[in-house]
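Coordinates as given in query39.cif (mmCIF, N, CA and C atoms):
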```cif
data_query
#
loop_
_atom_site.group_PDB
_atom_site.id
_atom_site.type_symbol
_atom_site.label_atom_id
_atom_site.label_comp_id
_atom_site.auth_asym_id
_atom_site.auth_seq_id
_atom_site.Cartn_x
_atom_site.Cartn_y
_atom_site.Cartn_z
ATOM 1 N N MET G 15 15.675 21.221 35.716
ATOM 2 C CA MET G 15 15.869 20.743 34.355
ATOM 3 C C MET G 15 16.625 21.806 33.558
ATOM 4 N N GLN G 16 17.604 21.366 32.781
ATOM 5 C CA GLN G 16 18.408 22.268 31.983
ATOM 6 C C GLN G 16 17.595 22.843 30.830
ATOM 7 N N ARG G 17 17.752 24.147 30.590
ATOM 8 C CA ARG G 17 17.050 24.789 29.481
ATOM 9 C C ARG G 17 17.689 24.368 28.159
ATOM 10 N N GLN G 18 16.862 24.047 27.194
ATOM 11 C CA GLN G 18 17.325 23.661 25.865
ATOM 12 C C GLN G 18 17.298 24.873 24.947
ATOM 13 N N ALA G 19 18.251 24.932 24.043
ATOM 14 C CA ALA G 19 18.250 25.966 23.019
ATOM 15 C C ALA G 19 17.058 25.731 22.097
ATOM 16 N N LEU G 20 16.636 26.772 21.422
ATOM 17 C CA LEU G 20 15.551 26.630 20.443
ATOM 18 C C LEU G 20 16.016 25.738 19.295
ATOM 19 N N PRO G 21 15.073 25.213 18.510
ATOM 20 C CA PRO G 21 15.448 24.325 17.401
ATOM 21 C C PRO G 21 16.402 25.018 16.425
ATOM 22 N N PRO G 22 17.191 24.224 15.688
ATOM 23 C CA PRO G 22 18.094 24.806 14.681
ATOM 24 C C PRO G 22 17.315 25.626 13.661
ATOM 25 N N ASP G 23 17.865 26.756 13.286
ATOM 26 C CA ASP G 23 17.255 27.649 12.279
ATOM 27 C C ASP G 23 15.885 28.184 12.701
ATOM 28 N N PHE G 24 15.577 28.147 13.998
ATOM 29 C CA PHE G 24 14.265 28.586 14.479
ATOM 30 C C PHE G 24 13.966 30.030 14.070
ATOM 31 N N GLU G 25 14.984 30.876 14.098
ATOM 32 C CA GLU G 25 14.788 32.291 13.764
ATOM 33 C C GLU G 25 14.375 32.476 12.310
ATOM 34 N N GLU G 26 14.653 31.485 11.475
ATOM 35 C CA GLU G 26 14.310 31.572 10.057
ATOM 36 C C GLU G 26 12.936 30.970 9.761
ATOM 37 N N THR G 27 12.205 30.575 10.811
ATOM 38 C CA THR G 27 10.864 30.018 10.636
ATOM 39 C C THR G 27 9.843 31.065 11.057
ATOM 40 N N ARG G 28 8.581 30.751 10.851
ATOM 41 C CA ARG G 28 7.528 31.676 11.290
ATOM 42 C C ARG G 28 6.335 30.877 11.799
ATOM 43 N N ASP G 29 5.502 31.548 12.608
ATOM 44 C CA ASP G 29 4.272 30.923 13.075
ATOM 45 C C ASP G 29 3.384 30.586 11.882
ATOM 46 N N THR G 30 2.611 29.524 12.023
ATOM 47 C CA THR G 30 1.655 29.168 10.977
ATOM 48 C C THR G 30 0.360 29.940 11.188
ATOM 49 N N THR G 31 -0.369 30.094 10.131
ATOM 50 C CA THR G 31 -1.673 30.748 10.183
ATOM 51 C C THR G 31 -2.743 29.728 9.816
ATOM 52 N N ALA G 32 -3.989 30.075 10.082
ATOM 53 C CA ALA G 32 -5.100 29.203 9.683
ATOM 54 C C ALA G 32 -5.082 29.007 8.163
ATOM 55 N N GLN G 33 -4.735 30.064 7.440
ATOM 56 C CA GLN G 33 -4.665 29.976 5.977
ATOM 57 C C GLN G 33 -3.576 28.984 5.553
ATOM 58 N N ASP G 34 -2.431 29.001 6.246
ATOM 59 C CA ASP G 34 -1.372 28.026 5.950
ATOM 60 C C ASP G 34 -1.907 26.606 6.096
ATOM 61 N N LEU G 35 -2.576 26.344 7.228
ATOM 62 C CA LEU G 35 -3.082 24.996 7.505
ATOM 63 C C LEU G 35 -4.117 24.550 6.477
ATOM 64 N N GLU G 36 -4.974 25.468 6.079
ATOM 65 C CA GLU G 36 -6.027 25.127 5.117
ATOM 66 C C GLU G 36 -5.495 24.978 3.696
ATOM 67 N N SER G 37 -4.305 25.510 3.437
ATOM 68 C CA SER G 37 -3.755 25.475 2.078
ATOM 69 C C SER G 37 -3.134 24.128 1.718
ATOM 70 N N VAL G 38 -2.936 23.259 2.695
ATOM 71 C CA VAL G 38 -2.338 21.948 2.437
ATOM 72 C C VAL G 38 -3.406 20.882 2.705
ATOM 73 N N PRO G 39 -4.001 20.335 1.646
ATOM 74 C CA PRO G 39 -5.129 19.417 1.832
ATOM 75 C C PRO G 39 -4.784 18.135 2.578
ATOM 76 N N ASP G 40 -3.506 17.738 2.614
ATOM 77 C CA ASP G 40 -3.126 16.484 3.276
ATOM 78 C C ASP G 40 -3.010 16.617 4.790
ATOM 79 N N ILE G 41 -3.223 17.809 5.333
ATOM 80 C CA ILE G 41 -3.103 17.999 6.780
ATOM 81 C C ILE G 41 -4.404 17.591 7.466
ATOM 82 N N ASN G 42 -4.285 16.752 8.486
ATOM 83 C CA ASN G 42 -5.417 16.340 9.307
ATOM 84 C C ASN G 42 -5.612 17.427 10.370
ATOM 85 N N LEU G 43 -6.541 18.340 10.133
ATOM 86 C CA LEU G 43 -6.728 19.477 11.039
ATOM 87 C C LEU G 43 -7.135 19.045 12.438
ATOM 88 N N GLU G 44 -7.910 17.982 12.549
ATOM 89 C CA GLU G 44 -8.296 17.485 13.877
ATOM 90 C C GLU G 44 -7.049 17.059 14.662
ATOM 91 N N ALA G 45 -6.126 16.373 13.996
ATOM 92 C CA ALA G 45 -4.881 15.952 14.650
ATOM 93 C C ALA G 45 -4.055 17.170 15.067
ATOM 94 N N VAL G 46 -4.012 18.190 14.225
ATOM 95 C CA VAL G 46 -3.270 19.413 14.558
ATOM 96 C C VAL G 46 -3.872 20.075 15.787
ATOM 97 N N HIS G 47 -5.186 20.107 15.889
ATOM 98 C CA HIS G 47 -5.839 20.723 17.054
ATOM 99 C C HIS G 47 -5.533 19.949 18.335
ATOM 100 N N VAL G 48 -5.485 18.626 18.255
ATOM 101 C CA VAL G 48 -5.097 17.827 19.432
ATOM 102 C C VAL G 48 -3.660 18.164 19.810
ATOM 103 N N LEU G 49 -2.788 18.273 18.829
ATOM 104 C CA LEU G 49 -1.393 18.610 19.089
ATOM 105 C C LEU G 49 -1.279 19.994 19.736
ATOM 106 N N GLU G 50 -2.058 20.946 19.258
ATOM 107 C CA GLU G 50 -2.061 22.298 19.851
ATOM 108 C C GLU G 50 -2.509 22.257 21.313
ATOM 109 N N ARG G 51 -3.519 21.448 21.612
ATOM 110 C CA ARG G 51 -3.964 21.321 23.012
ATOM 111 C C ARG G 51 -2.880 20.689 23.878
ATOM 112 N N CYS G 52 -2.192 19.683 23.327
ATOM 113 C CA CYS G 52 -1.088 19.066 24.069
ATOM 114 C C CYS G 52 0.005 20.095 24.354
ATOM 115 N N MET G 53 0.290 20.965 23.402
ATOM 116 C CA MET G 53 1.295 22.008 23.617
ATOM 117 C C MET G 53 0.850 22.959 24.727
ATOM 118 N N ALA G 54 -0.388 23.391 24.660
ATOM 119 C CA ALA G 54 -0.898 24.353 25.644
ATOM 120 C C ALA G 54 -0.932 23.763 27.050
ATOM 121 N N ASP G 55 -1.276 22.480 27.159
ATOM 122 C CA ASP G 55 -1.421 21.824 28.464
ATOM 123 C C ASP G 55 -0.146 21.118 28.922
ATOM 124 N N HIS G 56 0.902 21.151 28.082
ATOM 125 C CA HIS G 56 2.165 20.444 28.364
ATOM 126 C C HIS G 56 1.918 18.957 28.597
ATOM 127 N N HIS G 57 1.196 18.362 27.654
ATOM 128 C CA HIS G 57 0.927 16.925 27.691
ATOM 129 C C HIS G 57 1.745 16.228 26.606
ATOM 130 N N ILE G 58 2.230 15.041 26.921
ATOM 131 C CA ILE G 58 2.905 14.223 25.923
ATOM 132 C C ILE G 58 1.868 13.797 24.881
ATOM 133 N N ALA G 59 2.288 13.824 23.618
ATOM 134 C CA ALA G 59 1.411 13.428 22.512
ATOM 135 C C ALA G 59 1.952 12.165 21.859
ATOM 136 N N GLU G 60 1.040 11.283 21.481
ATOM 137 C CA GLU G 60 1.385 10.139 20.649
ATOM 138 C C GLU G 60 0.979 10.493 19.225
ATOM 139 N N VAL G 61 1.966 10.513 18.342
ATOM 140 C CA VAL G 61 1.748 10.953 16.965
ATOM 141 C C VAL G 61 1.942 9.772 16.026
ATOM 142 N N ASP G 62 0.909 9.445 15.254
ATOM 143 C CA ASP G 62 1.027 8.450 14.193
ATOM 144 C C ASP G 62 1.559 9.187 12.973
ATOM 145 N N TYR G 63 2.764 8.789 12.533
ATOM 146 C CA TYR G 63 3.524 9.580 11.568
ATOM 147 C C TYR G 63 4.069 8.706 10.454
ATOM 148 N N TYR G 64 3.916 9.172 9.217
ATOM 149 C CA TYR G 64 4.494 8.485 8.064
ATOM 150 C C TYR G 64 5.940 8.943 7.926
ATOM 151 N N ALA G 65 6.867 8.082 8.355
ATOM 152 C CA ALA G 65 8.289 8.427 8.375
ATOM 153 C C ALA G 65 8.910 8.269 6.994
ATOM 154 N N GLU G 66 9.814 9.169 6.688
ATOM 155 C CA GLU G 66 10.576 9.069 5.447
ATOM 156 C C GLU G 66 11.729 8.100 5.659
ATOM 157 N N PRO G 67 12.297 7.462 4.703
ATOM 158 C CA PRO G 67 12.020 7.632 3.277
ATOM 159 C C PRO G 67 10.976 6.660 2.738
ATOM 160 N N ASP G 68 10.537 5.681 3.551
ATOM 161 C CA ASP G 68 9.672 4.626 3.009
ATOM 162 C C ASP G 68 8.197 4.778 3.369
ATOM 163 N N ASP G 69 7.821 5.926 3.938
ATOM 164 C CA ASP G 69 6.428 6.187 4.312
ATOM 165 C C ASP G 69 5.865 5.143 5.263
ATOM 166 N N ARG G 70 6.719 4.593 6.104
ATOM 167 C CA ARG G 70 6.310 3.604 7.112
ATOM 168 C C ARG G 70 5.594 4.342 8.242
ATOM 169 N N LEU G 71 4.414 3.860 8.630
ATOM 170 C CA LEU G 71 3.656 4.473 9.716
ATOM 171 C C LEU G 71 4.253 4.040 11.046
ATOM 172 N N GLU G 72 4.620 5.015 11.873
ATOM 173 C CA GLU G 72 5.137 4.711 13.201
ATOM 174 C C GLU G 72 4.498 5.657 14.201
ATOM 175 N N THR G 73 4.490 5.254 15.462
ATOM 176 C CA THR G 73 3.962 6.099 16.525
ATOM 177 C C THR G 73 5.143 6.687 17.285
ATOM 178 N N ILE G 74 5.150 8.007 17.388
ATOM 179 C CA ILE G 74 6.228 8.731 18.055
ATOM 180 C C ILE G 74 5.625 9.462 19.241
ATOM 181 N N ARG G 75 6.198 9.243 20.415
ATOM 182 C CA ARG G 75 5.773 9.968 21.616
ATOM 183 C C ARG G 75 6.655 11.205 21.754
ATOM 184 N N ILE G 76 6.027 12.383 21.736
ATOM 185 C CA ILE G 76 6.807 13.613 21.816
ATOM 186 C C ILE G 76 6.264 14.563 22.873
ATOM 187 N N ARG G 77 7.147 15.448 23.302
ATOM 188 C CA ARG G 77 6.788 16.613 24.113
ATOM 189 C C ARG G 77 6.709 17.773 23.124
ATOM 190 N N PRO G 78 5.503 18.088 22.636
ATOM 191 C CA PRO G 78 5.378 19.082 21.566
ATOM 192 C C PRO G 78 5.621 20.500 22.064
ATOM 193 N N ALA G 79 6.217 21.321 21.203
ATOM 194 C CA ALA G 79 6.583 22.680 21.603
ATOM 195 C C ALA G 79 6.039 23.757 20.677
ATOM 196 N N PHE G 80 6.230 23.614 19.375
ATOM 197 C CA PHE G 80 5.882 24.673 18.431
ATOM 198 C C PHE G 80 5.296 24.078 17.154
ATOM 199 N N ILE G 81 4.412 24.814 16.522
ATOM 200 C CA ILE G 81 4.007 24.528 15.148
ATOM 201 C C ILE G 81 4.431 25.743 14.346
ATOM 202 N N ARG G 82 5.261 25.498 13.345
ATOM 203 C CA ARG G 82 5.871 26.594 12.584
ATOM 204 C C ARG G 82 5.917 26.236 11.101
ATOM 205 N N THR G 83 6.202 27.238 10.283
ATOM 206 C CA THR G 83 6.515 27.030 8.879
ATOM 207 C C THR G 83 8.030 27.002 8.788
ATOM 208 N N SER G 84 8.572 25.904 8.308
ATOM 209 C CA SER G 84 10.025 25.711 8.306
ATOM 210 C C SER G 84 10.703 26.551 7.234
ATOM 211 N N LYS G 85 12.018 26.562 7.321
ATOM 212 C CA LYS G 85 12.845 27.247 6.340
ATOM 213 C C LYS G 85 12.579 26.695 4.938
ATOM 214 N N ALA G 86 12.251 25.398 4.859
ATOM 215 C CA ALA G 86 11.943 24.758 3.577
ATOM 216 C C ALA G 86 10.470 24.948 3.186
ATOM 217 N N HIS G 87 9.727 25.763 3.949
ATOM 218 C CA HIS G 87 8.320 26.093 3.689
ATOM 219 C C HIS G 87 7.362 24.937 3.954
ATOM 220 N N ASN G 88 7.781 23.959 4.763
ATOM 221 C CA ASN G 88 6.880 22.907 5.222
ATOM 222 C C ASN G 88 6.249 23.349 6.533
ATOM 223 N N LEU G 89 5.034 22.907 6.794
ATOM 224 C CA LEU G 89 4.395 23.156 8.083
ATOM 225 C C LEU G 89 4.826 22.017 8.996
ATOM 226 N N VAL G 90 5.467 22.350 10.119
ATOM 227 C CA VAL G 90 6.062 21.336 10.978
ATOM 228 C C VAL G 90 5.713 21.567 12.442
ATOM 229 N N ALA G 91 5.734 20.476 13.190
ATOM 230 C CA ALA G 91 5.631 20.526 14.651
ATOM 231 C C ALA G 91 7.024 20.215 15.195
ATOM 232 N N TRP G 92 7.522 21.086 16.066
ATOM 233 C CA TRP G 92 8.805 20.863 16.734
ATOM 234 C C TRP G 92 8.539 20.294 18.110
ATOM 235 N N GLY G 93 9.356 19.354 18.532
ATOM 236 C CA GLY G 93 9.229 18.794 19.861
ATOM 237 C C GLY G 93 10.398 17.890 20.191
ATOM 238 N N PHE G 94 10.359 17.340 21.401
ATOM 239 C CA PHE G 94 11.377 16.402 21.870
ATOM 240 C C PHE G 94 10.755 15.019 21.962
ATOM 241 N N PRO G 95 11.358 14.012 21.334
ATOM 242 C CA PRO G 95 10.873 12.657 21.556
ATOM 243 C C PRO G 95 11.023 12.317 23.041
ATOM 244 N N VAL G 96 10.075 11.584 23.588
ATOM 245 C CA VAL G 96 10.157 11.165 24.988
ATOM 246 C C VAL G 96 11.430 10.342 25.159
ATOM 247 N N GLY G 97 12.211 10.690 26.179
ATOM 248 C CA GLY G 97 13.447 9.983 26.453
ATOM 249 C C GLY G 97 14.656 10.512 25.713
ATOM 250 N N ALA G 98 14.477 11.553 24.909
ATOM 251 C CA ALA G 98 15.597 12.127 24.154
ATOM 252 C C ALA G 98 15.794 13.581 24.549
ATOM 253 N N ASP G 99 16.952 14.116 24.219
ATOM 254 C CA ASP G 99 17.226 15.511 24.551
ATOM 255 C C ASP G 99 17.589 16.319 23.304
ATOM 256 N N HIS G 100 16.952 15.983 22.205
ATOM 257 C CA HIS G 100 17.196 16.701 20.948
ATOM 258 C C HIS G 100 15.861 17.015 20.276
ATOM 259 N N TRP G 101 15.861 18.070 19.486
ATOM 260 C CA TRP G 101 14.665 18.474 18.752
ATOM 261 C C TRP G 101 14.435 17.564 17.551
ATOM 262 N N ILE G 102 13.169 17.348 17.235
ATOM 263 C CA ILE G 102 12.783 16.765 15.949
ATOM 264 C C ILE G 102 11.672 17.641 15.380
ATOM 265 N N ASP G 103 11.549 17.612 14.070
ATOM 266 C CA ASP G 103 10.418 18.282 13.443
ATOM 267 C C ASP G 103 9.637 17.247 12.659
ATOM 268 N N LEU G 104 8.321 17.332 12.793
ATOM 269 C CA LEU G 104 7.410 16.422 12.109
ATOM 270 C C LEU G 104 6.563 17.231 11.145
ATOM 271 N N ARG G 105 6.613 16.876 9.877
ATOM 272 C CA ARG G 105 5.797 17.577 8.890
ATOM 273 C C ARG G 105 4.322 17.294 9.155
ATOM 274 N N LEU G 106 3.523 18.334 9.195
ATOM 275 C CA LEU G 106 2.097 18.166 9.501
ATOM 276 C C LEU G 106 1.381 17.320 8.457
ATOM 277 N N ASP G 107 1.820 17.392 7.196
ATOM 278 C CA ASP G 107 1.151 16.610 6.154
ATOM 279 C C ASP G 107 1.482 15.119 6.241
ATOM 280 N N ARG G 108 2.394 14.719 7.134
ATOM 281 C CA ARG G 108 2.743 13.317 7.323
ATOM 282 C C ARG G 108 2.143 12.757 8.615
ATOM 283 N N ILE G 109 1.432 13.600 9.365
ATOM 284 C CA ILE G 109 0.799 13.157 10.603
ATOM 285 C C ILE G 109 -0.572 12.582 10.278
ATOM 286 N N ARG G 110 -0.790 11.335 10.685
ATOM 287 C CA ARG G 110 -2.091 10.698 10.442
ATOM 288 C C ARG G 110 -3.054 10.967 11.586
ATOM 289 N N ASP G 111 -2.542 10.870 12.844
ATOM 290 C CA ASP G 111 -3.404 11.034 14.010
ATOM 291 C C ASP G 111 -2.548 11.451 15.199
ATOM 292 N N VAL G 112 -3.187 12.085 16.193
ATOM 293 C CA VAL G 112 -2.520 12.491 17.431
ATOM 294 C C VAL G 112 -3.439 12.168 18.590
ATOM 295 N N ARG G 113 -2.846 11.609 19.647
ATOM 296 C CA ARG G 113 -3.587 11.330 20.870
ATOM 297 C C ARG G 113 -2.913 12.038 22.041
ATOM 298 N N ASP G 114 -3.725 12.645 22.890
ATOM 299 C CA ASP G 114 -3.247 13.280 24.124
ATOM 300 C C ASP G 114 -3.153 12.186 25.179
ATOM 301 N N THR G 115 -1.942 11.929 25.687
ATOM 302 C CA THR G 115 -1.761 10.869 26.678
ATOM 303 C C THR G 115 -2.204 11.311 28.062
ATOM 304 N N GLY G 116 -2.319 12.624 28.286
ATOM 305 C CA GLY G 116 -2.636 13.139 29.612
ATOM 306 C C GLY G 116 -1.423 13.205 30.518
ATOM 307 N N GLU G 117 -0.294 12.668 30.061
ATOM 308 C CA GLU G 117 0.945 12.715 30.836
ATOM 309 C C GLU G 117 1.538 14.126 30.748
ATOM 310 N N VAL G 118 1.764 14.746 31.899
ATOM 311 C CA VAL G 118 2.256 16.118 31.945
ATOM 312 C C VAL G 118 3.782 16.115 31.911
ATOM 313 N N PHE G 119 4.364 17.076 31.171
ATOM 314 C CA PHE G 119 5.803 17.261 31.165
ATOM 315 C C PHE G 119 6.120 18.717 31.484
ATOM 316 N N GLN G 120 7.332 18.950 31.934
ATOM 317 C CA GLN G 120 7.803 20.299 32.225
ATOM 318 C C GLN G 120 8.634 20.766 31.026
ATOM 319 N N PRO G 121 8.192 21.828 30.320
ATOM 320 C CA PRO G 121 8.970 22.304 29.168
ATOM 321 C C PRO G 121 10.386 22.720 29.583
ATOM 322 N N SER G 122 11.329 22.457 28.711
ATOM 323 C CA SER G 122 12.720 22.810 28.986
ATOM 324 C C SER G 122 13.248 23.814 27.963
ATOM 325 N N TRP G 123 12.346 24.496 27.280
ATOM 326 C CA TRP G 123 12.758 25.480 26.278
ATOM 327 C C TRP G 123 12.267 26.848 26.656
#
```
Translate this file's structure into structure tokens.
Amino acid sequence: MQRQALPPDFEETRDTTAQDLESVPDINLEAVHVLERCMADHHIAEVDYYAEPDDRLETIRIRPAFIRTSKAHNLVAWGFPVGADHWIDLRLDRIRDVRDTGEVFQPSW
């Protein structure tokens, strides 16, 4: 599998802290913990996400990679949608729920 470059502007982001996560009341911490386990185990995650601009709830299957504080100071999860070869970032405050599918993937980053 071809190695993928890190997400755009990755060097301008930073790791999140527990204090960061607790400072945003709209973050579902249980969902974040499931996402973290999926990252550690290289499992595909199903993420129920309120998509912009109309706040429509959709389920996105991703290969999660990083949880970071973005350049815009949002707490985000970076990953690859299943079947795609590009990065997406999902704001943690827009994630409603996360499920571990148990499907294993090989990281390409």
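Comparing G:Asp68, G:Glu44, G:Asp103, G:Asp111 by their smallest distance to G:Asp23, the closest is G:Asp103 (using only C-alpha atoms).
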Problem - Distance of atom CA of G:Pro121 from atom CA of G:Arg108, expressed in Å to one decimal place - result: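 Interatomic distance, atom CA of G:Arg108 to atom CA of G:Pro121: 24.4 Å.
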Exercise for the section: Would you mind telling me which residue in G:Ala79, G:Val112, G:Val96, G:Ile41 lies nearest to G:Ala54 when using only N, CA and C atoms? Expected result: G:Ala79
Within 6 Å of G:Val61, counting all atoms listed in the file, which residues show up once you throw out same-chain ones fewer than 4 positions away? Write them as an mmCIF file with N, CA and C atoms, in the frame of the given file, please.
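The new file around02.cif reads:
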```cif
data_model
loop_
_atom_site.group_PDB
_atom_site.id
_atom_site.type_symbol
_atom_site.label_atom_id
_atom_site.label_comp_id
_atom_site.auth_asym_id
_atom_site.auth_seq_id
_atom_site.Cartn_x
_atom_site.Cartn_y
_atom_site.Cartn_z
ATOM 1 N N GLU G 72 4.620 5.015 11.873
ATOM 2 C CA GLU G 72 5.137 4.711 13.201
ATOM 3 C C GLU G 72 4.498 5.657 14.201
ATOM 4 N N THR G 73 4.490 5.254 15.462
ATOM 5 C CA THR G 73 3.962 6.099 16.525
ATOM 6 C C THR G 73 5.143 6.687 17.285
ATOM 7 N N ILE G 74 5.150 8.007 17.388
ATOM 8 C CA ILE G 74 6.228 8.731 18.055
ATOM 9 C C ILE G 74 5.625 9.462 19.241
ATOM 10 N N ARG G 75 6.198 9.243 20.415
ATOM 11 C CA ARG G 75 5.773 9.968 21.616
ATOM 12 C C ARG G 75 6.655 11.205 21.754
ATOM 13 N N ILE G 76 6.027 12.383 21.736
ATOM 14 C CA ILE G 76 6.807 13.613 21.816
ATOM 15 C C ILE G 76 6.264 14.563 22.873
ATOM 16 N N ASP G 111 -2.542 10.870 12.844
ATOM 17 C CA ASP G 111 -3.404 11.034 14.010
ATOM 18 C C ASP G 111 -2.548 11.451 15.199
ATOM 19 N N VAL G 112 -3.187 12.085 16.193
ATOM 20 C CA VAL G 112 -2.520 12.491 17.431
ATOM 21 C C VAL G 112 -3.439 12.168 18.590
ATOM 22 N N ARG G 113 -2.846 11.609 19.647
ATOM 23 C CA ARG G 113 -3.587 11.330 20.870
ATOM 24 C C ARG G 113 -2.913 12.038 22.041
#
```
Completion exercise
Nearest to G:Arg28, restricted to only N, CA and C atoms and choosing among G:His57, G:Arg110, G:Arg51, G:Lys85, comes out as G:Lys85
Exercise for the section: Fewer than 3 positions away in the same chain doesn't count, so skip those; otherwise give me all residues within 6 Å of G:Thr30, counting all atoms listed in the file, as a list in words. Expected result: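 So the residues in contact are Asp34, Ile81, Arg82 and Thr83 of chain G.
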Practice task
Please evaluate the PyMOL selection byres ((chain G and resi 91) around 6) against the structure above and give the resulting residues as a VMD selection string.
Solution key: chain G and resid 80 to 82 89 to 90 92 to 93 102 to 106
Considering only alpha helix (DSSP H) as DSSP defines it on the backbone, what residues of chain G qualify? List them as a CSV table (one decimal) with N, CA and C atoms, in the frame of the given file.
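Result file out_25.csv:
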```
chain,number,residue,atom,x,y,z
G,32,ALA,N,-4.0,30.1,10.1
G,32,ALA,CA,-5.1,29.2,9.7
G,32,ALA,C,-5.1,29.0,8.2
G,33,GLN,N,-4.7,30.1,7.4
G,33,GLN,CA,-4.7,30.0,6.0
G,33,GLN,C,-3.6,29.0,5.6
G,34,ASP,N,-2.4,29.0,6.2
G,34,ASP,CA,-1.4,28.0,6.0
G,34,ASP,C,-1.9,26.6,6.1
G,35,LEU,N,-2.6,26.3,7.2
G,35,LEU,CA,-3.1,25.0,7.5
G,35,LEU,C,-4.1,24.6,6.5
G,36,GLU,N,-5.0,25.5,6.1
G,36,GLU,CA,-6.0,25.1,5.1
G,36,GLU,C,-5.5,25.0,3.7
G,43,LEU,N,-6.5,18.3,10.1
G,43,LEU,CA,-6.7,19.5,11.0
G,43,LEU,C,-7.1,19.0,12.4
G,44,GLU,N,-7.9,18.0,12.5
G,44,GLU,CA,-8.3,17.5,13.9
G,44,GLU,C,-7.0,17.1,14.7
G,45,ALA,N,-6.1,16.4,14.0
G,45,ALA,CA,-4.9,16.0,14.6
G,45,ALA,C,-4.1,17.2,15.1
G,46,VAL,N,-4.0,18.2,14.2
G,46,VAL,CA,-3.3,19.4,14.6
G,46,VAL,C,-3.9,20.1,15.8
G,47,HIS,N,-5.2,20.1,15.9
G,47,HIS,CA,-5.8,20.7,17.1
G,47,HIS,C,-5.5,19.9,18.3
G,48,VAL,N,-5.5,18.6,18.3
G,48,VAL,CA,-5.1,17.8,19.4
G,48,VAL,C,-3.7,18.2,19.8
G,49,LEU,N,-2.8,18.3,18.8
G,49,LEU,CA,-1.4,18.6,19.1
G,49,LEU,C,-1.3,20.0,19.7
G,50,GLU,N,-2.1,20.9,19.3
G,50,GLU,CA,-2.1,22.3,19.9
G,50,GLU,C,-2.5,22.3,21.3
G,51,ARG,N,-3.5,21.4,21.6
G,51,ARG,CA,-4.0,21.3,23.0
G,51,ARG,C,-2.9,20.7,23.9
G,52,CYS,N,-2.2,19.7,23.3
G,52,CYS,CA,-1.1,19.1,24.1
G,52,CYS,C,0.0,20.1,24.4
G,53,MET,N,0.3,21.0,23.4
G,53,MET,CA,1.3,22.0,23.6
G,53,MET,C,0.8,23.0,24.7
G,54,ALA,N,-0.4,23.4,24.7
G,54,ALA,CA,-0.9,24.4,25.6
G,54,ALA,C,-0.9,23.8,27.0
G,55,ASP,N,-1.3,22.5,27.2
G,55,ASP,CA,-1.4,21.8,28.5
G,55,ASP,C,-0.1,21.1,28.9
```
Handout entry: Atom-to-atom span, atom N of G:Asp69 and atom C of G:Asp107, Å
Key = 11.4 Å
Practice task
Give me the residues within 9 Å of G:Leu71 as a list in words, counting only C-alpha atoms and dropping any in the same chain fewer than 6 places off.
Solution key: Asp62, Tyr63, Tyr64, Ala65 and Arg110 of chain G
Exercise for the section: Apply the PyMOL selection byres ((chain G and resi 114-116) around 6.5) to the displayed file and report the matching residues as a PyMOL selection string. Expected result: chain G and resi 48+52+57-60+112-113+117-118
Problem - Shortest interatomic distance to G:Asn42 - which of G:Phe24, G:Ile109, G:Pro78, G:Ala19, counting only C-alpha atoms - result: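 Using only C-alpha atoms, G:Asn42 sits closest to G:Ile109.
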Problem - Atomic distance atom CA of G:His56 - atom CA of G:Leu20, expressed in Å with one decimal - result: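 One can read the atom CA of G:His56 to atom CA of G:Leu20 distance as 16.7 Å.
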Problem - DSSP-assigned strand (DSSP E) among stretch 41-120 of chain G, expressed as a VMD selection string - result: chain G and resid 57 to 65 70 to 83 89 to 95 102 to 105 109 to 118
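Proximity ranking of G:Leu35, G:Gln18, G:Pro67, G:Glu26 relative to G:Gln120 places G:Gln18 first, based on only C-alpha atoms.
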Problem - Selected residue of minimal separation from G:Ser122 among G:Arg77, G:His47, G:His87, G:Gly97, counting only C-alpha atoms - result: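 Answer, going by the shortest atom-to-atom distance: G:Arg77.
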